[in-house]
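Asker: Input: one structure, supplied below.
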2 protein chains.
Amino acid sequence: MASPMAYIIWRLPMENDMADVLISNCDVLHVDTFGPRVEAGMDIFIHGQHIERISPHIEGQAIATGVECVDATGLLAMPGLMNTHAHVPMVLFRGLAEDVSVHAWFNDYIFPMESGLTPEDVYWGAMLGMAEMIRAGVTSVADHYFYMDQVAQAVSDSGMRANLVWAVFGHEGVEKLDRTCEFVERWQGKADGRISTWLGPHAPYTCPPEFLRLAAQRAHDLQVGIHIHVSETAEQVTLSLEQHGITPVQMLAETNVLSVPTILGHCLFPTEADIKLLAGAQSGVAHAPKTYLKLGMGTAPLPRYRAAGIPVGTATDGAVSSNTLDILEQIRLMALTQKDAAGDSTVMALSEVLDTAFHGSARVLRMEDKLGDLVEGKLADITLISQDNPAMFPRFNAAANLVYSASSRDVDTVICNGKILMLHKNLLTIDLAQVKREVSMRLDRLNQRDPNRRIATYPGGEARA
Amino acid sequence: MASPMAYIIWRLPMENDMADVLISNCDVLHVDTFGPRVEAGMDIFIHGQHIERISPHIEGQAIATGVECVDATGLLAMPGLMNTHAHVPMVLFRGLAEDVSVHAWFNDYIFPMESGLTPEDVYWGAMLGMAEMIRAGVTSVADHYFYMDQVAQAVSDSGMRANLVWAVFGHEGVEKLDRTCEFVERWQGKADGRISTWLGPHAPYTCPPEFLRLAAQRAHDLQVGIHIHVSETAEQVTLSLEQHGITPVQMLAETNVLSVPTILGHCLFPTEADIKLLAGAQSGVAHAPKTYLKLGMGTAPLPRYRAAGIPVGTATDGAVSSNTLDILEQIRLMALTQKDAAGDSTVMALSEVLDTAFHGSARVLRMEDKLGDLVEGKLADITLISQDNPAMFPRFNAAANLVYSASSRDVDTVICNGKILMLHKNLLTIDLAQVKREVSMRLDRLNQRDPNRRIATYPGGEARA
């Protein structure tokens, strides 16, 4: 008889402040070779940072000492959502660059506004963005920005998991690159192992080849990866071919960037040769379709990436292009835009959508052995979402309801690294009212921009004329 | 001095159960020739079915008898959202036809499943869909379905506003058409004037020319309009040209359908000649971009419609293609997909998006003199939405936050025809738990389908081979 044995929790709580957690009576979403499926009425027992057991009726309540019990009746449990490419503190500028061209977006809005940022602005922007992400069920983020000590501090404080890079432009020189290397060493593995650090040369269009080569060498020496923007627009590819005779992806190969692990932000316009290069490298593509729609950029050939075995992960990009840091929204848009681009409603089926969102994203973050599935032994990064809204009824197809009907606002409880960050919609690690007060004090100053004062210049477009 | 005078409410409550309503201290969204703008700290006084006054500090509280006061501090007030083309009771089948082709969607899923519907199923499906819409801030819906007495009863019970048509196929014959005319007469102007009724021949591809001509004649006699599907796919246009030598829109002109007011569902593929015909007719286009993305259909040329003065309204279509009845989501997708289709981030700017959503939709419903703006004298259809989520902070640009960051889950309070349908997230006219129980009892039966038993057959595609 295969009736589940009661599983008695006997361990003492850990010495630090992390109590064990028992999530009771949830529906567990699994995405495996059979496609998405839901196991109803399951308990999840978390010991320390890991999922220790998933089973019906774990009798944790009986020895409640030190075990936090979360009643998850009616909630759907899924792996914590992953944001594989973001500029989190840009939430500070949300709404300030609407309906403008890509070139104006960079040169007249973003780069001038960013020139006025202070480290303290970045800290509070990061906290605001993390509050938004935790509310939306996001537990991991690969962030690419400036003043990254402040972002790392915010990650430490908020309880999220993060891969962090300090963005650097070629014109800032070797000295600045070396300071970003110091950041890598300062924060690697910190915050109970939740933080990993890589290098962040901005893009082939803002870093000359010798700078990329040096960054690749530094990454190799530090044994870390590189998170970089590449082939975001068709025009960037054309410009690279004109200036260098090779595509931006080929430039990354040429400069040894592809010899270390990489997260490639966007990469919408790969050639066949580019795809072969990426398939042979340790590269993952971060996909943020809301930005692509909003800026009229086109989209990435996800079926070709998937066919070549190149990992694709879900991402939000920054909130001045995508307006939110909402991964559920990006998952939905990924599915819809791929069907649209193919003119075929059968492509990017639910099984592929969720495989990309969970397994693809974990591979892009190079955490596939630790994240992306709710199974015993993996890290306890878990998002519990309500299925009560009438838009999620009936429940014929829980996966379809999640991808096409759910809202990030339905997220109820979020756990990262075994610790509860949000319980029944209450943020436990971030005082949102305080964060909003701190951000509010800065708004008048942040809304200033002098187009002649920029942190960098975006090439091409009007600037070429 | 222009300091606002206190406005004293002195009227007695109306004789029926409708108390006057005072919404206090909200931000009012206006969309006018200057684009979107927000007036903060406003009160809205509703007398009977109409907005009577919008001003700061209306002192309604002083004479509270019979006036319901809604504290709307921090909430954004906008015109109630309008759904200009839906099949509301299809929420019953949500999630049952995922990742299938348009032809399979109709012939193997929808038309077979619909053959088993009973009037009672339709009532409870309509109630579920209306609960979803009210929760999402939708106050008006143009519904196109079967067993419309039950949908009308649900409209009456839920408190929404609706334009209703009983869908009819050519093969059902004149007798069935005449029964849909009886429905028009039975419900015209009912439910305190919230219900209007038109005729609903399904589409030129399911109704032969003589049937369309007869429907147009009946509509003319009844002095009502026609709500019909047209030019949903490029293939439909091709088939029409092959079979009739004219486009589906030309067929509507030819059969006099365009001589009465029309709501055209979708109309993605108009020719230049079609656009001229529509510009000279009393036609509006209902636009449901999530369906178009999900089924890989392409999209409609909204800039061309706008340039020709043809009204475009927001719509959800049915929940088996779009999964939700969420107009905020469709507004966002309308903006994003138009930018994408144009490859230009500057098209469909926020002012156009909101003008389409509010004024365009009201024109499609032929209610532009009564709906679409929060101004004194218009009907009191009002949606109040929270701006508290971190994704809507900062508030540099309230319109951008609404279009690109808000979720339908942020809707707090909904008023239709002067009556509160949802107050601080509590549905006042629908017992959602009961609706879910009633729907649940029907799920096993609804999930049956026999592809040989269909209410109609969709032409073209595999069927042509």
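Residues in the structure tokens are named by chain (A, B, ... in the order shown) and by number from 1 within that chain; ligands are numbered from 1 in the order shown.
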Could you give me the residues within segment 141-386 of chain B that DSSP places in strand (DSSP E), as a PyMOL selection string?
Answerer: chain B and resi 141-145+161-168+195-201+226-230+262-266+283-287+312-314+382-386
Asker: Hey, what's within 7 Å of segment 288-295 of chain A if we count only C-alpha atoms and toss same-chain stuff fewer than 5 positions away? As a ChimeraX atom specification, please?
Answerer: /A:101-102,266,314-317,321-322,330,333-334 /B:336-337,339-340,344-345
Asker: Could you save the residues just selected, with N, CA and C atoms, as an mmCIF file, in the first residue's frame?
Answerer:
data_model
loop_
_atom_site.group_PDB
_atom_site.id
_atom_site.type_symbol
_atom_site.label_atom_id
_atom_site.label_comp_id
_atom_site.auth_asym_id
_atom_site.auth_seq_id
_atom_site.Cartn_x
_atom_site.Cartn_y
_atom_site.Cartn_z
ATOM 1 N N SER A 101 11.367 57.601 -28.889
ATOM 2 C CA SER A 101 12.160 56.652 -29.678
ATOM 3 C C SER A 101 13.272 56.055 -28.823
ATOM 4 N N VAL A 102 13.826 54.924 -29.277
ATOM 5 C CA VAL A 102 14.921 54.279 -28.543
ATOM 6 C C VAL A 102 16.068 55.262 -28.340
ATOM 7 N N HIS A 266 18.672 40.458 -23.886
ATOM 8 C CA HIS A 266 17.863 40.674 -25.084
ATOM 9 C C HIS A 266 18.302 39.828 -26.283
ATOM 10 N N THR A 314 13.300 34.428 -18.279
ATOM 11 C CA THR A 314 12.373 35.560 -18.256
ATOM 12 C C THR A 314 13.025 36.756 -17.559
ATOM 13 N N ALA A 315 12.690 37.946 -18.028
ATOM 14 C CA ALA A 315 13.312 39.160 -17.496
ATOM 15 C C ALA A 315 12.352 40.329 -17.631
ATOM 16 N N THR A 316 12.650 41.385 -16.880
ATOM 17 C CA THR A 316 11.794 42.576 -16.968
ATOM 18 C C THR A 316 12.488 43.759 -17.612
ATOM 19 N N ASP A 317 13.840 43.721 -17.715
ATOM 20 C CA ASP A 317 14.557 44.935 -18.089
ATOM 21 C C ASP A 317 14.239 46.005 -17.020
ATOM 22 N N SER A 321 11.456 51.263 -19.332
ATOM 23 C CA SER A 321 10.956 50.752 -20.612
ATOM 24 C C SER A 321 9.781 49.817 -20.388
ATOM 25 N N SER A 322 9.886 48.945 -19.380
ATOM 26 C CA SER A 322 8.810 47.955 -19.217
ATOM 27 C C SER A 322 7.800 48.370 -18.154
ATOM 28 N N GLN A 330 5.626 39.263 -17.904
ATOM 29 C CA GLN A 330 6.572 38.974 -18.981
ATOM 30 C C GLN A 330 6.406 37.545 -19.495
ATOM 31 N N LEU A 333 3.508 37.692 -21.808
ATOM 32 C CA LEU A 333 3.862 38.372 -23.055
ATOM 33 C C LEU A 333 4.828 37.532 -23.890
ATOM 34 N N MET A 334 5.698 36.799 -23.235
ATOM 35 C CA MET A 334 6.596 35.894 -23.981
ATOM 36 C C MET A 334 5.766 34.908 -24.790
ATOM 37 N N LEU B 336 0.702 48.280 -26.663
ATOM 38 C CA LEU B 336 1.966 47.583 -26.935
ATOM 39 C C LEU B 336 1.975 46.990 -28.335
ATOM 40 N N THR B 337 0.860 46.379 -28.761
ATOM 41 C CA THR B 337 0.867 45.712 -30.057
ATOM 42 C C THR B 337 0.857 46.722 -31.210
ATOM 43 N N LYS B 339 2.408 49.676 -31.118
ATOM 44 C CA LYS B 339 3.798 50.123 -31.205
ATOM 45 C C LYS B 339 4.636 49.055 -31.908
ATOM 46 N N ASP B 340 4.386 47.815 -31.554
ATOM 47 C CA ASP B 340 5.125 46.697 -32.133
ATOM 48 C C ASP B 340 4.846 46.585 -33.632
ATOM 49 N N ASP B 344 7.550 51.269 -33.991
ATOM 50 C CA ASP B 344 7.757 52.683 -33.645
ATOM 51 C C ASP B 344 7.171 52.940 -32.259
ATOM 52 N N SER B 345 8.048 53.272 -31.333
ATOM 53 C CA SER B 345 7.624 53.446 -29.938
ATOM 54 C C SER B 345 6.800 54.707 -29.729
#
Asker: Quick one: which residues from chain A are at most 7 Å off chain B, using only C-alpha atoms, as a PDB file with C-alpha atoms, in the first residue's frame?
Answerer:
ATOM      1  CA  LEU A  92      12.875  55.732  -9.568  1.00  0.00           C
ATOM      2  CA  ARG A  94       9.083  55.116 -13.820  1.00  0.00           C
ATOM      3  CA  GLY A  95       6.820  57.036 -16.196  1.00  0.00           C
ATOM      4  CA  LEU A  96       9.403  59.650 -17.174  1.00  0.00           C
ATOM      5  CA  ASP A  99       6.243  57.220 -26.098  1.00  0.00           C
ATOM      6  CA  VAL A 100       9.765  58.255 -27.170  1.00  0.00           C
ATOM      7  CA  SER A 101      12.160  56.652 -29.678  1.00  0.00           C
ATOM      8  CA  LEU A 128      11.336  50.007  -3.957  1.00  0.00           C
ATOM      9  CA  ALA A 131       9.296  45.470  -2.705  1.00  0.00           C
ATOM     10  CA  GLU A 132       7.612  45.400  -6.107  1.00  0.00           C
ATOM     11  CA  LEU A 293       6.802  45.699 -27.666  1.00  0.00           C
ATOM     12  CA  LYS A 294       6.878  49.093 -26.025  1.00  0.00           C
ATOM     13  CA  LEU A 295       9.926  50.300 -27.925  1.00  0.00           C
ATOM     14  CA  GLY A 296       8.840  48.641 -31.190  1.00  0.00           C
ATOM     15  CA  MET A 297      12.043  46.602 -31.360  1.00  0.00           C
ATOM     16  CA  GLY A 298      10.813  43.270 -32.734  1.00  0.00           C
ATOM     17  CA  ASN A 323       7.166  50.031 -16.427  1.00  0.00           C
ATOM     18  CA  THR A 324       7.037  47.064 -14.031  1.00  0.00           C
ATOM     19  CA  LEU A 336       1.675  35.760 -26.668  1.00  0.00           C
ATOM     20  CA  THR A 337       4.407  37.481 -28.681  1.00  0.00           C
ATOM     21  CA  LYS A 339       2.594  32.967 -31.069  1.00  0.00           C
ATOM     22  CA  ASP A 340       2.118  36.306 -32.767  1.00  0.00           C
ATOM     23  CA  ALA A 342       5.055  32.852 -35.705  1.00  0.00           C
ATOM     24  CA  GLY A 343       1.481  33.573 -36.808  1.00  0.00           C
ATOM     25  CA  ASP A 344       0.749  30.198 -35.207  1.00  0.00           C
ATOM     26  CA  SER A 345      -1.302  29.645 -32.057  1.00  0.00           C
ATOM     27  CA  THR A 346       0.283  26.247 -31.424  1.00  0.00           C
ATOM     28  CA  ALA A 349       2.630  25.850 -25.755  1.00  0.00           C
ATOM     29  CA  PRO A 390     -13.037  34.809 -10.806  1.00  0.00           C
ATOM     30  CA  ALA A 391     -10.618  35.172 -13.763  1.00  0.00           C
ATOM     31  CA  PRO A 394     -12.990  27.233 -13.431  1.00  0.00           C
ATOM     32  CA  PHE A 396      -9.822  23.085 -15.754  1.00  0.00           C
ATOM     33  CA  ASN A 397      -6.261  24.101 -16.558  1.00  0.00           C
ATOM     34  CA  ALA A 400      -3.320  28.168 -18.405  1.00  0.00           C
ATOM     35  CA  ASN A 401      -4.865  30.111 -15.543  1.00  0.00           C
ATOM     36  CA  TYR A 404      -2.977  33.740 -19.096  1.00  0.00           C
ATOM     37  CA  SER A 405      -5.249  34.814 -16.223  1.00  0.00           C
ATOM     38  CA  SER A 407      -2.035  38.736 -11.906  1.00  0.00           C
ATOM     39  CA  ARG A 409      -1.336  40.941  -7.401  1.00  0.00           C
TER      40      ARG A 409
END
Asker: Write out as an mmCIF file with C-alpha atoms, in the first residue's frame which residues come within 10 Å of Ser156 of chain A when counting only C-alpha atoms, dropping same-chain ones fewer than 6 positions away.
Answerer:
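Everything below was put into around_8.cif:
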data_model
loop_
_atom_site.group_PDB
_atom_site.id
_atom_site.type_symbol
_atom_site.label_atom_id
_atom_site.label_comp_id
_atom_site.auth_asym_id
_atom_site.auth_seq_id
_atom_site.Cartn_x
_atom_site.Cartn_y
_atom_site.Cartn_z
ATOM 1 C CA GLN A 150 23.874 49.851 -2.360
ATOM 2 C CA ALA A 162 20.607 38.128 -6.723
ATOM 3 C CA LYS A 190 27.468 37.233 0.916
ATOM 4 C CA ALA A 191 24.010 37.430 2.547
ATOM 5 C CA ASP A 192 23.842 33.722 3.447
ATOM 6 C CA GLY A 193 24.983 32.870 -0.050
ATOM 7 C CA ARG A 194 22.096 34.745 -1.690
ATOM 8 C CA ILE A 195 24.404 37.142 -3.538
ATOM 9 C CA THR A 429 11.532 42.458 5.329
#
Asker: When you count only C-alpha atoms, which of these residues is closest to His103 of chain B: B:Thr247, B:Gln236, B:Thr33, B:Asn25?
Answerer: B:Gln236
